[in-house]
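Written below as structure tokens is the structure these notes are about.
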Amino acid sequence: QKYNSPFLLLPTTTLKARPTSKWDNIVDEDEEDEPIPVAPDMTYEPRNAKRQHEHFLDIRAAGGKQVCNDVYVRNPDEDVFWYAGKVARVSDVSLEDCIARQWNLIERHATNLRPIELYPHRGNLQIWTAPGDSELDVAYNRPNIQMIRHFPKAMNSRDLSNNLIGFQGEIYQQGEEGFRTWRTDEGLPARPEINPGGETRPPTDEEYEQIQKELQGKDINALYEEQERRKREGLL
């Protein structure tokens, strides 16, 4: 017997859905998203951290602050953004790829810096960036400084060579508490701007005290002098 249709006709069967059960809402752990794999050259080891630090210095020396961004790490349950260091990239590498490729190094470094505030939330931390060398503007809560949130994705050396990007992790001096800032979910300052008139006048005693609280251990005088030096030399 021959058939004109390639499909065999079968008797029609009606399927009835079973009643829903409370067990349907249980999520199988095996069905949850798998963690993004970490490339071997971005595991948090001294040789990898040292290499990316050297790449940062080389790229920074060649391209200046225009190819750099400041990096902050946040526990999503809090509005505190912790300064974790800086990244650099060659001109044809996007900032998004620069962060994604070095995500593990940045996250692990931040959790080591802040073992109480960040380490318990590893794997769920947010990474944000601000313009390069903008710490003082961030401390002043300048409204024009809006941080950008980034998202992890799987990348390896075939996607982006590690010598095209760099990461310079923050290092605390003895007794230093670490630089932090308070931001909204949009990356904008969560507190009022300090000294809205700009650096054309020195901050008042009250403003200076608030800046010191914002910086929490950073030497505000050294930071201000360094930024003024960069302005004089045309680096800002």
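By order in the structure tokens, chains are A, B, ...; within a chain, residues start at 1; ligands start at 1, following the order shown.
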Produce a table with one row for each residue of segment 46-75 of chain A that has an atom at most 6 Å from any atom of segment 124-139 of chain A, each row naming the nearest atom pair and its distance in Å at one decimal; use only C-alpha atoms; arrange rows by chain and rising residue number; format as a Markdown table.
```
| residue | atom | partner | partner_atom | distance |
| --- | --- | --- | --- | --- |
| A:Lys65 | CA | A:Gly132 | CA | 5.5 |
| A:Cys68 | CA | A:Gly132 | CA | 4.9 |
| A:Asn69 | CA | A:Gly132 | CA | 3.9 |
| A:Asp70 | CA | A:Gly132 | CA | 5.1 |
| A:Val71 | CA | A:Thr129 | CA | 4.6 |
| A:Tyr72 | CA | A:Trp128 | CA | 5.1 |
| A:Val73 | CA | A:Ile127 | CA | 4.7 |
| A:Arg74 | CA | A:Gln126 | CA | 5.1 |
| A:Asn75 | CA | A:Leu125 | CA | 5.2 |
```
If you measure from atom CA of Pro196 of chain A to atom CA of Asn141 of chain A, what distance in Å do you get, rounded to one decimal? 9.1 Å
Considering only C-alpha atoms, can you say which of A:Leu118, A:Cys98, A:Leu188, A:Ile36 comes closest to Asn144 of chain A?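 Closest residue, counting only C-alpha atoms: A:Leu188.
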Just how far from atom CA of Glu78 of chain A is atom CA of Pro120 of chain A, in Å to one decimal?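 We find that atom CA of Pro120 of chain A and atom CA of Glu78 of chain A lie 13.0 Å from each other.
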Nearest residue to Glu193 of chain A from the set A:Leu113, A:Ala88, A:Ile165, A:Ile145 (distances using only C-alpha atoms): A:Ile145
Point out the residue among A:Asp159, A:Asp185, A:Asp58, A:Glu177 with the least atom-to-atom distance to Val80 of chain A, counting only C-alpha atoms. A:Asp185
Pick out the closest residue to Ala100 of chain A from this set: A:Tyr140, A:Phe151, A:Phe56, A:Phe167. Count only C-alpha atoms.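 Selected residue with least distance to Ala100 of chain A: A:Phe151.
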Go through A:His109, A:His53, A:Gln168, A:Ile99 one by one, measure the shortest atom-to-atom distance of each to Pro152 of chain A using only C-alpha atoms, and give the residue with the smallest value.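 Closest to Pro152 of chain A of all the choices is A:Ile99.
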Give the strand (DSSP E or B) residues of segment 23-180 of chain A, as assigned by DSSP on the backbone, as JSON, numbers by chain. {"A": [68, 69, 70, 71, 72, 73, 74, 80, 81, 82, 83, 84, 85, 86, 87, 88, 89, 126, 127, 128, 129, 130, 131, 148, 149, 150, 165, 166, 167, 168, 169, 180]}
Could you list, as a PyMOL selection string, every residue within 10 Å of Ser157 of chain A, counting only C-alpha atoms and ignoring same-chain residues fewer than 3 positions away? chain A and resi 39-42+101+160-163
Two-atom distance - atom CA of Ala110 of chain A, atom CA of Arg122 of chain A (Å):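 Rounded to one decimal, the two atoms are 9.3 Å apart.
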